[in-house]
$ cat entry_28.cif   # mmCIF, C-alpha atoms
data_entry
#
loop_
_atom_site.label_atom_id
_atom_site.label_comp_id
_atom_site.auth_asym_id
_atom_site.auth_seq_id
_atom_site.Cartn_x
_atom_site.Cartn_y
_atom_site.Cartn_z
CA MET A 8 0.00 0.00 0.00
CA THR A 9 1.33 3.46 -0.87
CA ALA A 10 1.69 6.22 1.67
CA ASN A 11 -1.26 8.13 0.19
CA VAL A 12 -4.71 6.68 0.73
CA THR A 13 -8.09 8.36 0.68
CA ALA A 14 -11.10 7.60 2.79
CA GLU A 15 -12.99 6.55 -0.33
CA ALA A 16 -10.30 4.05 -1.35
CA ALA A 17 -9.31 2.75 2.08
CA ARG A 18 -10.32 -0.74 3.17
CA VAL A 19 -10.52 -0.29 6.91
CA LEU A 20 -11.02 -2.85 9.63
CA ALA A 21 -12.09 -1.27 12.93
CA VAL A 22 -11.54 -3.73 15.79
CA ILE A 23 -13.19 -3.33 19.20
CA PRO A 24 -12.02 -5.78 21.89
CA THR A 25 -14.73 -6.15 24.52
CA LEU A 26 -15.39 -7.79 27.86
CA ASP A 27 -18.55 -6.68 29.65
CA GLU A 28 -19.02 -3.35 27.87
CA ALA A 29 -22.82 -3.31 27.68
CA GLY A 30 -23.00 0.26 28.99
CA SER A 31 -20.97 1.77 26.16
CA ILE A 32 -20.65 -0.59 23.20
CA GLU A 33 -23.72 0.52 21.24
CA THR A 34 -22.71 4.19 21.40
CA ILE A 35 -19.20 3.35 20.19
CA ILE A 36 -20.43 1.20 17.30
CA ARG A 37 -22.97 3.76 16.15
CA THR A 38 -20.36 6.54 16.28
CA LEU A 39 -18.01 4.52 14.07
CA ALA A 40 -20.83 3.31 11.80
CA ARG A 41 -21.74 6.89 10.87
CA GLU A 42 -18.48 6.96 8.89
CA LYS A 43 -19.57 4.20 6.50
CA ASP A 44 -20.94 6.64 3.91
CA ARG A 45 -17.57 8.42 3.68
CA ILE A 46 -15.50 5.21 4.00
CA PRO A 47 -17.29 2.58 1.88
CA GLY A 48 -14.60 0.00 2.66
CA LEU A 49 -15.19 0.18 6.42
CA GLU A 50 -15.94 -3.01 8.35
CA ILE A 51 -16.34 -3.19 12.12
CA VAL A 52 -15.41 -6.26 14.15
CA VAL A 53 -16.15 -6.74 17.83
CA ALA A 54 -13.90 -9.40 19.35
CA ASP A 55 -15.56 -10.40 22.60
CA GLY A 56 -13.76 -12.21 25.41
CA GLY A 57 -16.85 -13.86 26.90
CA SER A 58 -19.03 -11.00 28.17
CA ARG A 59 -21.80 -11.91 30.60
CA ASP A 60 -23.53 -8.54 30.88
CA GLY A 61 -25.46 -8.53 27.61
CA THR A 62 -22.71 -7.08 25.42
CA GLN A 63 -22.97 -9.91 22.88
CA ARG A 64 -26.74 -9.60 22.66
CA ILE A 65 -26.48 -5.88 21.92
CA ILE A 66 -23.93 -6.50 19.15
CA THR A 67 -25.94 -9.36 17.64
CA ASN A 68 -29.02 -7.14 17.47
CA LEU A 69 -26.99 -4.41 15.75
CA THR A 70 -25.64 -6.80 13.09
CA ALA A 71 -29.17 -7.05 11.64
CA GLU A 72 -29.11 -3.28 11.08
CA LEU A 73 -25.42 -2.95 10.15
CA PRO A 74 -24.37 -5.70 7.68
CA TYR A 75 -20.71 -4.61 7.92
CA LEU A 76 -20.62 -5.30 11.69
CA TYR A 77 -19.30 -8.67 12.88
CA LEU A 78 -19.04 -10.39 16.24
CA ILE A 79 -16.23 -12.89 16.81
CA ASN A 80 -15.12 -14.78 19.91
CA ASN A 81 -11.77 -13.99 21.53
CA PRO A 82 -10.89 -17.09 23.58
CA ALA A 83 -7.65 -15.55 24.86
CA ARG A 84 -9.70 -12.67 26.35
CA ASN A 85 -6.93 -10.03 26.24
CA GLN A 86 -6.97 -7.03 23.90
CA GLY A 87 -3.82 -7.82 21.95
CA ALA A 88 -5.11 -11.29 21.04
CA ALA A 89 -8.43 -9.76 19.94
CA VAL A 90 -6.77 -7.37 17.50
CA ASN A 91 -4.43 -10.07 16.19
CA LEU A 92 -7.31 -12.46 15.59
CA ALA A 93 -9.26 -9.94 13.53
CA ALA A 94 -6.18 -8.68 11.67
CA ARG A 95 -5.16 -12.14 10.51
CA PHE A 96 -8.67 -13.13 9.47
CA TRP A 97 -9.27 -9.91 7.52
CA SER A 98 -5.73 -9.60 6.11
CA GLY A 99 -6.91 -10.14 2.55
CA ARG A 100 -9.81 -7.69 2.82
CA ALA A 101 -8.31 -4.65 4.58
CA ASN A 102 -5.23 -2.46 4.24
CA LEU A 103 -5.71 -0.40 7.40
CA ILE A 104 -6.62 -1.49 10.90
CA VAL A 105 -8.08 0.81 13.56
CA ARG A 106 -8.04 -0.26 17.19
CA CYS A 107 -10.86 1.02 19.38
CA ASP A 108 -11.59 0.51 23.08
CA GLY A 109 -14.92 -0.56 24.51
CA HIS A 110 -14.73 1.96 27.38
CA SER A 111 -13.84 5.14 25.49
CA MET A 112 -15.71 7.90 23.68
CA TYR A 113 -14.83 8.78 20.08
CA GLN A 114 -15.21 11.99 18.15
CA GLU A 115 -17.12 12.21 14.90
CA ARG A 116 -15.01 11.29 11.84
CA HIS A 117 -12.47 9.56 14.06
CA ILE A 118 -11.47 6.98 11.44
CA GLU A 119 -11.50 9.45 8.56
CA ARG A 120 -9.08 11.70 10.40
CA LEU A 121 -6.79 8.76 11.17
CA ILE A 122 -6.70 7.87 7.47
CA ALA A 123 -5.82 11.46 6.60
CA THR A 124 -2.94 11.47 9.11
CA LEU A 125 -1.58 8.15 7.85
CA SER A 126 -1.66 9.54 4.32
CA ARG A 127 -0.15 12.91 5.21
CA THR A 128 2.71 11.55 7.32
CA GLY A 129 3.43 8.24 5.61
CA ALA A 130 3.76 6.70 9.08
CA ALA A 131 3.16 3.02 9.70
CA SER A 132 1.13 3.78 12.82
CA VAL A 133 -0.85 6.73 14.12
CA VAL A 134 -1.26 7.12 17.86
CA ILE A 135 -3.49 9.66 19.55
CA ALA A 136 -3.95 11.65 22.74
CA MET A 137 -6.08 10.29 25.55
CA ASP A 138 -8.03 12.49 27.96
CA SER A 139 -9.05 10.74 31.16
CA ALA A 140 -12.67 11.28 32.14
CA GLY A 141 -14.70 10.75 35.29
CA VAL A 142 -18.40 10.98 36.00
CA PHE A 143 -18.44 11.33 39.78
CA GLY A 144 -16.42 11.22 42.98
CA PHE A 145 -13.20 9.28 43.13
CA GLN A 146 -13.33 8.60 39.37
CA LYS A 147 -13.11 12.35 38.72
CA ALA A 148 -10.09 12.64 40.98
CA VAL A 149 -8.34 9.78 39.19
CA ALA A 150 -9.08 11.33 35.81
CA TRP A 151 -7.82 14.78 36.82
CA VAL A 152 -4.54 13.55 38.26
CA SER A 153 -3.95 11.01 35.46
CA ASP A 154 -3.49 13.79 32.93
CA SER A 155 -1.24 15.87 35.18
CA LEU A 156 2.55 15.84 35.50
CA VAL A 157 2.21 14.08 38.86
CA GLY A 158 0.03 11.36 37.39
CA SER A 159 1.62 10.68 33.99
CA GLY A 160 5.10 12.14 34.34
CA GLY A 161 4.64 14.20 31.20
CA SER A 162 3.76 11.32 28.88
CA ALA A 163 3.07 12.89 25.47
CA HIS A 164 -0.19 11.05 24.81
CA ARG A 165 -1.72 11.50 28.28
CA GLY A 166 -3.49 14.81 27.87
CA GLY A 167 -0.65 16.17 25.71
CA ARG A 168 -1.15 18.80 23.00
CA ALA A 169 1.94 18.43 20.80
CA SER A 170 1.88 16.33 17.63
CA GLY A 171 4.96 14.67 16.16
CA TYR A 172 6.89 11.46 15.70
CA VAL A 173 7.15 9.44 18.93
CA ASP A 174 8.25 6.05 20.16
CA HIS A 175 4.92 5.28 21.86
CA GLY A 176 1.36 6.52 22.23
CA HIS A 177 -2.25 5.39 22.55
CA HIS A 178 -2.79 2.98 19.66
CA ALA A 179 -5.29 4.02 17.03
CA ALA A 180 -4.37 2.98 13.47
CA PHE A 181 -1.87 0.82 11.62
CA ARG A 182 -1.09 -0.08 8.06
CA LEU A 183 -2.25 -3.68 8.21
CA PRO A 184 0.62 -5.22 6.17
CA VAL A 185 3.13 -3.55 8.53
CA PHE A 186 1.22 -4.68 11.62
CA LEU A 187 1.29 -8.28 10.38
CA SER A 188 4.93 -8.06 9.25
CA VAL A 189 6.05 -7.57 12.87
CA ASP A 190 3.66 -10.30 14.08
CA GLY A 191 1.18 -7.94 15.75
CA TYR A 192 0.81 -7.89 19.51
CA ASP A 193 2.60 -10.30 21.82
CA GLU A 194 -0.43 -12.21 23.10
CA SER A 195 1.33 -13.25 26.29
CA PHE A 196 1.10 -9.59 27.42
CA THR A 197 -2.14 -8.69 29.18
CA HIS A 198 -0.86 -5.14 29.84
CA ASN A 199 1.73 -2.89 28.16
CA GLU A 200 1.29 -4.86 24.94
CA ASP A 201 1.06 -1.56 23.06
CA ALA A 202 4.45 -0.26 24.24
CA GLU A 203 6.03 -3.65 23.52
CA LEU A 204 4.71 -3.63 19.95
CA ASP A 205 5.95 -0.08 19.44
CA CYS A 206 9.45 -1.24 20.37
CA ARG A 207 9.36 -3.81 17.58
CA LEU A 208 7.85 -1.36 15.10
CA THR A 209 10.57 1.21 15.65
CA ALA A 210 13.28 -1.47 15.65
CA ALA A 211 12.05 -2.50 12.19
CA GLY A 212 12.43 1.10 11.01
CA HIS A 213 8.76 2.08 10.97
CA ALA A 214 7.55 5.54 12.01
CA ILE A 215 4.92 6.20 14.69
CA TYR A 216 3.13 9.56 14.57
CA LEU A 217 1.22 11.12 17.45
CA ASP A 218 -1.66 13.25 16.22
CA ALA A 219 -2.66 15.25 19.28
CA ASP A 220 -5.63 16.77 17.44
CA ILE A 221 -7.32 13.37 17.39
CA ARG A 222 -8.38 12.63 20.94
CA ILE A 223 -10.46 10.15 22.88
CA ALA A 224 -12.03 10.31 26.30
CA TYR A 225 -11.05 7.34 28.45
CA PHE A 226 -13.06 6.59 31.59
CA ALA A 227 -10.83 6.25 34.65
CA ARG A 228 -11.23 3.55 37.27
CA ALA A 229 -13.91 4.39 39.82
CA SER A 230 -12.66 2.58 42.93
CA VAL A 231 -9.45 2.23 44.90
CA ALA A 232 -9.31 -1.53 44.31
CA ALA A 233 -9.80 -1.20 40.55
CA LEU A 234 -7.20 1.55 40.31
CA TRP A 235 -4.65 -0.45 42.31
CA ARG A 236 -5.17 -3.54 40.17
CA GLN A 237 -4.90 -1.53 36.94
CA TYR A 238 -1.60 0.10 37.84
CA PHE A 239 -0.14 -3.03 39.42
CA LEU A 240 -0.75 -4.85 36.14
CA TYR A 241 0.62 -1.88 34.17
CA GLY A 242 3.81 -2.10 36.22
CA ARG A 243 4.12 -5.85 35.79
CA GLY A 244 3.66 -5.46 32.04
CA ARG A 245 6.26 -2.72 31.89
CA SER A 246 8.74 -4.93 33.76
CA ARG A 247 8.44 -7.43 30.92
CA THR A 248 8.81 -4.79 28.22
CA MET A 249 11.97 -3.34 29.76
CA ARG A 250 13.58 -6.78 29.81
CA LYS A 251 12.32 -7.85 26.40
CA HIS A 252 13.56 -4.53 24.98
CA PRO A 253 16.49 -3.28 27.08
CA GLY A 254 16.74 0.48 26.91
CA SER A 255 12.99 1.01 26.48
CA MET A 256 12.42 2.27 30.03
CA ARG A 257 11.92 6.03 30.33
CA LEU A 258 13.24 8.30 33.06
CA ARG A 259 9.76 8.99 34.44
CA GLN A 260 9.18 5.25 34.88
CA LEU A 261 12.56 4.72 36.50
CA ALA A 262 11.78 7.63 38.84
CA VAL A 263 8.56 5.97 40.07
CA LEU A 264 10.36 2.69 40.72
CA ALA A 265 13.25 4.43 42.49
CA HIS A 266 10.79 6.49 44.56
CA GLY A 267 8.99 3.35 45.72
CA GLY A 268 12.21 1.78 46.92
CA LEU A 269 13.49 4.95 48.55
CA PHE A 270 10.18 5.58 50.33
CA LEU A 271 10.08 2.04 51.75
CA VAL A 272 13.73 2.07 52.86
CA SER A 273 13.34 5.51 54.45
CA VAL A 274 10.31 4.45 56.50
CA LEU A 275 12.00 1.24 57.64
CA LEU A 276 15.18 3.06 58.65
CA ALA A 277 13.22 5.70 60.54
CA ALA A 278 11.27 3.01 62.37
CA GLY A 279 14.41 1.04 63.14
CA THR A 280 16.64 3.91 64.29
CA GLY A 281 14.15 6.45 65.58
CA GLU A 282 15.93 9.12 63.49
CA LEU A 283 13.34 11.43 61.96
CA LEU A 284 15.87 12.60 59.37
CA TRP A 285 15.17 9.40 57.46
CA LEU A 286 11.62 10.65 56.91
CA THR A 287 12.81 13.58 54.77
CA TRP A 288 11.93 11.95 51.45
CA PRO A 289 8.52 10.59 52.55
CA THR A 290 7.68 14.01 53.99
CA LEU A 291 8.60 15.79 50.76
CA TYR A 292 6.55 13.31 48.74
CA ILE A 293 3.48 13.67 50.94
CA ALA A 294 3.83 17.45 50.78
CA ALA A 295 3.94 17.30 46.98
CA LEU A 296 0.78 15.19 46.93
CA ALA A 297 -0.95 17.58 49.33
CA PHE A 298 -0.04 20.52 47.09
CA THR A 299 -1.38 18.62 44.07
CA SER A 300 -4.66 17.95 45.88
CA LEU A 301 -5.13 21.59 46.85
CA GLU A 302 -4.13 22.92 43.44
CA LEU A 303 -6.51 20.63 41.54
CA ALA A 304 -9.35 21.18 44.03
CA LEU A 305 -9.04 24.92 43.48
CA ARG A 306 -8.58 24.67 39.71
CA LYS A 307 -11.51 22.28 39.26
CA ARG A 308 -13.56 24.05 41.94
CA SER A 309 -14.47 20.72 43.48
CA LEU A 310 -13.77 19.05 46.80
CA TRP A 311 -13.19 15.83 44.85
CA GLY A 312 -9.90 17.40 43.83
CA LEU A 313 -8.65 16.72 47.36
CA LEU A 314 -8.58 13.04 46.45
CA THR A 315 -6.16 13.55 43.56
CA GLY A 316 -3.12 13.27 45.82
CA PRO A 317 -4.24 9.97 47.36
CA ALA A 318 -5.15 8.71 43.89
CA ALA A 319 -1.66 9.55 42.64
CA ALA A 320 -0.12 7.75 45.63
CA ILE A 321 -2.12 4.61 44.77
CA MET A 322 -1.03 4.82 41.13
CA HIS A 323 2.66 5.31 42.00
CA THR A 324 2.72 2.60 44.67
CA ALA A 325 0.79 0.03 42.67
CA TRP A 326 2.91 0.61 39.56
CA ALA A 327 6.16 0.31 41.55
CA CYS A 328 4.93 -2.86 43.30
CA GLY A 329 3.80 -4.38 40.00
CA THR A 330 7.12 -3.58 38.34
CA ALA A 331 9.10 -5.01 41.24
CA ALA A 332 6.93 -8.14 41.33
CA GLY A 333 7.40 -8.61 37.62
CA LEU A 334 11.16 -8.24 37.85
CA LEU A 335 11.33 -10.75 40.70
CA PHE A 336 8.81 -13.38 39.65
CA VAL A 337 8.10 -13.15 35.89
CA ARG A 338 10.65 -14.47 33.43
CA GLU A 339 11.32 -12.62 30.19
CA ARG A 340 13.92 -13.07 27.48
CA ALA A 341 15.39 -10.22 25.45
CA TRP A 342 13.84 -9.92 21.99
CA GLU A 343 15.96 -10.41 18.93
CA PRO A 344 14.80 -9.58 15.40
CA ALA A 345 14.40 -12.48 13.03
CA PRO A 346 17.57 -13.08 11.00
CA GLU A 347 17.62 -11.93 7.42
CA PRO A 348 17.15 -14.81 4.96
CA LEU A 349 20.34 -16.04 3.34
CA SER A 350 21.00 -14.83 -0.18
CA GLN A 351 20.17 -17.33 -2.89
CA ASN A 352 22.96 -16.03 -5.16
#

$ encode --input "entry_28.cif" --output "structure tokens"
Amino acid sequence: MTANVTAEAARVLAVIPTLDEAGSIETIIRTLAREKDRIPGLEIVVADGGSRDGTQRIITNLTAELPYLYLINNPARNQGAAVNLAARFWSGRANLIVRCDGHSMYQERHIERLIATLSRTGAASVVIAMDSAGVFGFQKAVAWVSDSLVGSGGSAHRGGRASGYVDHGHHAAFRLPVFLSVDGYDESFTHNEDAELDCRLTAAGHAIYLDADIRIAYFARASVAALWRQYFLYGRGRSRTMRKHPGSMRLRQLAVLAHGGLFLVSVLLAAGTGELLWLTWPTLYIAALAFTSLELALRKRSLWGLLTGPAAAIMHTAWACGTAAGLLFVRERAWEPAPEPLSQN
């Protein structure tokens, strides 16, 4: 496929991995389906991991109205496997693949704009910016801090506004032949599979472009337990990526891991020696979180902003614990590119 492709000529496969997304799936499908008139080659596939909340029934009902909508089973249940399954099955019918999430909100003409960016940049992959959203209470606090420097460490695609070539971002669109040429997602990854794939894409010489003008709203976790589990699994996934691709870890990620160790050691030393000087780092950290809580509460004009500091502490601690657990208990071998075939001359 050439670098230039129009919406009218594109053969696009939009893949939505789902697992219990009954509350949002119909809205997402209908938003994407409105692009069919402008993108005649659009097909939508929902790869479901065994939903029990009525998600499959909703999709089945919609297939009668939308003949280009398909429901397939995803026995592996994780998102990477879902996208791989659809990509391989539709490889002869599509030249672009768009990955969508079952718990996000999409703007009108989302796919059309992705096609335009792929064509304009010639990139193999277009990634986009993600704005965390919350409806009430603790979920709002998590969303607000997730897109802040304290929450994301300045990650370009977490609430960022600058477009350009990057090494990672929120996955949105790929040239399907390129996606398949690097074997798609590593299906053994339940988390951080996107960053791991980006490592292989860039190692193969392919460009990834972040279009910060194309944005999605992503609903944050609404409870402490769900947030802890999410970030613990993020950390464990990142521990695998950093060992599979040495050198892929960023300073902001190393800082969170180092902070977790320093905080724990400082508290243990203070408790063991009775010297309050050892509490300097924990005190500074708690002060920074308190400042974050007050600043966001005032800026958002909401008392829920006072929970942003505690939410950030959960995110940092869970991610550090997950990363440490992964390093200690999960094996991972360094990735090596497949050898070039021997010349037949």

$ residues_around --input "entry_28.cif" --residues "range 63-74 of chain A" --least-positions-apart "4" --cutoff "8 Å" --atoms "all atoms listed in the file" --output "PyMOL selection string"
chain A and resi 29+32-33+40+53+55+58+78

$ residues_around --input "entry_28.cif" --residues "Ala210 in chain A" --least-positions-apart "6" --cutoff "10 Å" --atoms "only C-alpha atoms" --output "PDB file with C-alpha atoms, keeping the file's coordinate frame"
ATOM      1  CA  VAL A 189       6.050  -7.570  12.870  1.00  0.00           C
ATOM      2  CA  LEU A 204       4.710  -3.630  19.950  1.00  0.00           C
ATOM      3  CA  HIS A 252      13.560  -4.530  24.980  1.00  0.00           C
ATOM      4  CA  GLU A 343      15.960 -10.410  18.930  1.00  0.00           C
ATOM      5  CA  PRO A 344      14.800  -9.580  15.400  1.00  0.00           C
TER       6      PRO A 344
END

$ atom_distance --input "entry_28.cif" --atom1 "CA of Lys147 in chain A" --atom2 "CA of Ser230 in chain A"
10.6 Å

$ closest_residue --input "entry_28.cif" --among "A:Gln260, A:Thr299, A:Thr315, A:Thr287" --to "Gly160 in chain A" --atoms "all atoms listed in the file"
A:Gln260

$ atom_distance --input "entry_28.cif" --atom1 "CA of Leu264 in chain A" --atom2 "CA of Gly141 in chain A"
26.9 Å

$ residues_near_point --input "entry_28.cif" --point "(9.2, -7.4, 43.7)" --cutoff "12 Å" --atoms "all atoms listed in the file" --output "PyMOL selection string"
chain A and resi 239+242-243+246+264+267-268+324-337

$ closest_atom_pairs --input "entry_28.cif" --of "range 134-231 of chain A" --to "range 101-108 of chain A" --cutoff "9 Å" --atoms "all atoms listed in the file" --output "tab-separated table"
residue	atom	partner	partner_atom	distance
A:His178	CA	A:Arg106	CA	6.6
A:Ala179	CA	A:Arg106	CA	5.1
A:Ala180	CA	A:Val105	CA	4.3
A:Phe181	CA	A:Ile104	CA	5.3
A:Arg182	CA	A:Leu103	CA	4.7
A:Leu183	CA	A:Leu103	CA	4.8
A:Pro184	CA	A:Asn102	CA	6.8
A:Phe186	CA	A:Ile104	CA	8.5
A:Tyr225	CA	A:Asp108	CA	8.7

$ closest_residue --input "entry_28.cif" --among "A:Val274, A:Ala150, A:Ala224, A:Ile46" --to "Arg18 in chain A" --atoms "all atoms listed in the file"
A:Ile46

$ closest_residue --input "entry_28.cif" --among "A:Val152, A:Val142, A:Met112, A:Leu269" --to "Arg306 in chain A" --atoms "only C-alpha atoms"
A:Val152

$ closest_residue --input "entry_28.cif" --among "A:Ala123, A:Val52, A:Ile36, A:Ala297" --to "Thr13 in chain A" --atoms "only C-alpha atoms"
A:Ala123

$ resolve_selection --input "entry_28.cif" --expression "the PyMOL selection byres ((chain A and resi 157) around 9)" --output "PyMOL selection string"
chain A and resi 152-156+158-161+295-296+299+316+319

$ build_atoms --input "entry_28.cif" --residues "range 108-136 of chain A" --atoms "N, CA and C atoms" --output "mmCIF file, in the coordinates of the input"
data_model
loop_
_atom_site.group_PDB
_atom_site.id
_atom_site.type_symbol
_atom_site.label_atom_id
_atom_site.label_comp_id
_atom_site.auth_asym_id
_atom_site.auth_seq_id
_atom_site.Cartn_x
_atom_site.Cartn_y
_atom_site.Cartn_z
ATOM 1 N N ASP A 108 -11.393 1.072 21.742
ATOM 2 C CA ASP A 108 -11.590 0.510 23.080
ATOM 3 C C ASP A 108 -13.071 0.559 23.433
ATOM 4 N N GLY A 109 -13.510 -0.467 24.165
ATOM 5 C CA GLY A 109 -14.920 -0.560 24.510
ATOM 6 C C GLY A 109 -15.334 0.325 25.659
ATOM 7 N N HIS A 110 -14.383 1.090 26.252
ATOM 8 C CA HIS A 110 -14.730 1.960 27.380
ATOM 9 C C HIS A 110 -14.241 3.393 27.134
ATOM 10 N N SER A 111 -14.254 3.788 25.846
ATOM 11 C CA SER A 111 -13.840 5.140 25.490
ATOM 12 C C SER A 111 -14.926 5.824 24.681
ATOM 13 N N MET A 112 -14.789 7.138 24.518
ATOM 14 C CA MET A 112 -15.710 7.900 23.680
ATOM 15 C C MET A 112 -14.933 8.464 22.499
ATOM 16 N N TYR A 113 -15.510 8.358 21.302
ATOM 17 C CA TYR A 113 -14.830 8.780 20.080
ATOM 18 C C TYR A 113 -15.522 9.965 19.439
ATOM 19 N N GLN A 114 -14.699 10.830 18.849
ATOM 20 C CA GLN A 114 -15.210 11.990 18.150
ATOM 21 C C GLN A 114 -15.791 11.576 16.801
ATOM 22 N N GLU A 115 -16.623 12.439 16.248
ATOM 23 C CA GLU A 115 -17.120 12.210 14.900
ATOM 24 C C GLU A 115 -15.942 12.229 13.917
ATOM 25 N N ARG A 116 -16.039 11.404 12.887
ATOM 26 C CA ARG A 116 -15.010 11.290 11.840
ATOM 27 C C ARG A 116 -13.661 10.841 12.392
ATOM 28 N N HIS A 117 -13.702 10.047 13.435
ATOM 29 C CA HIS A 117 -12.470 9.560 14.060
ATOM 30 C C HIS A 117 -11.620 8.781 13.058
ATOM 31 N N ILE A 118 -12.224 7.821 12.365
ATOM 32 C CA ILE A 118 -11.470 6.980 11.440
ATOM 33 C C ILE A 118 -11.012 7.772 10.233
ATOM 34 N N GLU A 119 -11.862 8.633 9.729
ATOM 35 C CA GLU A 119 -11.500 9.450 8.560
ATOM 36 C C GLU A 119 -10.277 10.315 8.864
ATOM 37 N N ARG A 120 -10.218 10.859 10.034
ATOM 38 C CA ARG A 120 -9.080 11.700 10.400
ATOM 39 C C ARG A 120 -7.804 10.858 10.571
ATOM 40 N N LEU A 121 -7.947 9.644 11.073
ATOM 41 C CA LEU A 121 -6.790 8.760 11.170
ATOM 42 C C LEU A 121 -6.237 8.426 9.789
ATOM 43 N N ILE A 122 -7.131 8.160 8.842
ATOM 44 C CA ILE A 122 -6.700 7.870 7.470
ATOM 45 C C ILE A 122 -5.943 9.053 6.895
ATOM 46 N N ALA A 123 -6.469 10.251 7.127
ATOM 47 C CA ALA A 123 -5.820 11.460 6.600
ATOM 48 C C ALA A 123 -4.421 11.617 7.190
ATOM 49 N N THR A 124 -4.252 11.331 8.486
ATOM 50 C CA THR A 124 -2.940 11.470 9.110
ATOM 51 C C THR A 124 -1.963 10.419 8.598
ATOM 52 N N LEU A 125 -2.429 9.187 8.425
ATOM 53 C CA LEU A 125 -1.580 8.150 7.850
ATOM 54 C C LEU A 125 -1.093 8.575 6.463
ATOM 55 N N SER A 126 -2.008 9.120 5.670
ATOM 56 C CA SER A 126 -1.660 9.540 4.320
ATOM 57 C C SER A 126 -0.697 10.717 4.319
ATOM 58 N N ARG A 127 -0.959 11.689 5.173
ATOM 59 C CA ARG A 127 -0.150 12.910 5.210
ATOM 60 C C ARG A 127 1.259 12.655 5.707
ATOM 61 N N THR A 128 1.403 11.761 6.702
ATOM 62 C CA THR A 128 2.710 11.550 7.320
ATOM 63 C C THR A 128 3.491 10.385 6.718
ATOM 64 N N GLY A 129 2.783 9.441 6.096
ATOM 65 C CA GLY A 129 3.430 8.240 5.610
ATOM 66 C C GLY A 129 3.844 7.290 6.715
ATOM 67 N N ALA A 130 3.385 7.535 7.939
ATOM 68 C CA ALA A 130 3.760 6.700 9.080
ATOM 69 C C ALA A 130 3.123 5.315 8.969
ATOM 70 N N ALA A 131 3.728 4.360 9.651
ATOM 71 C CA ALA A 131 3.160 3.020 9.700
ATOM 72 C C ALA A 131 2.042 2.933 10.728
ATOM 73 N N SER A 132 2.108 3.806 11.730
ATOM 74 C CA SER A 132 1.130 3.780 12.820
ATOM 75 C C SER A 132 0.825 5.202 13.256
ATOM 76 N N VAL A 133 -0.437 5.458 13.541
ATOM 77 C CA VAL A 133 -0.850 6.730 14.120
ATOM 78 C C VAL A 133 -1.359 6.466 15.520
ATOM 79 N N VAL A 134 -0.798 7.175 16.483
ATOM 80 C CA VAL A 134 -1.260 7.120 17.860
ATOM 81 C C VAL A 134 -1.897 8.453 18.208
ATOM 82 N N ILE A 135 -2.706 8.475 19.250
ATOM 83 C CA ILE A 135 -3.490 9.660 19.550
ATOM 84 C C ILE A 135 -3.394 10.020 21.024
ATOM 85 N N ALA A 136 -3.940 11.178 21.355
ATOM 86 C CA ALA A 136 -3.950 11.650 22.740
ATOM 87 C C ALA A 136 -5.179 11.121 23.467
#
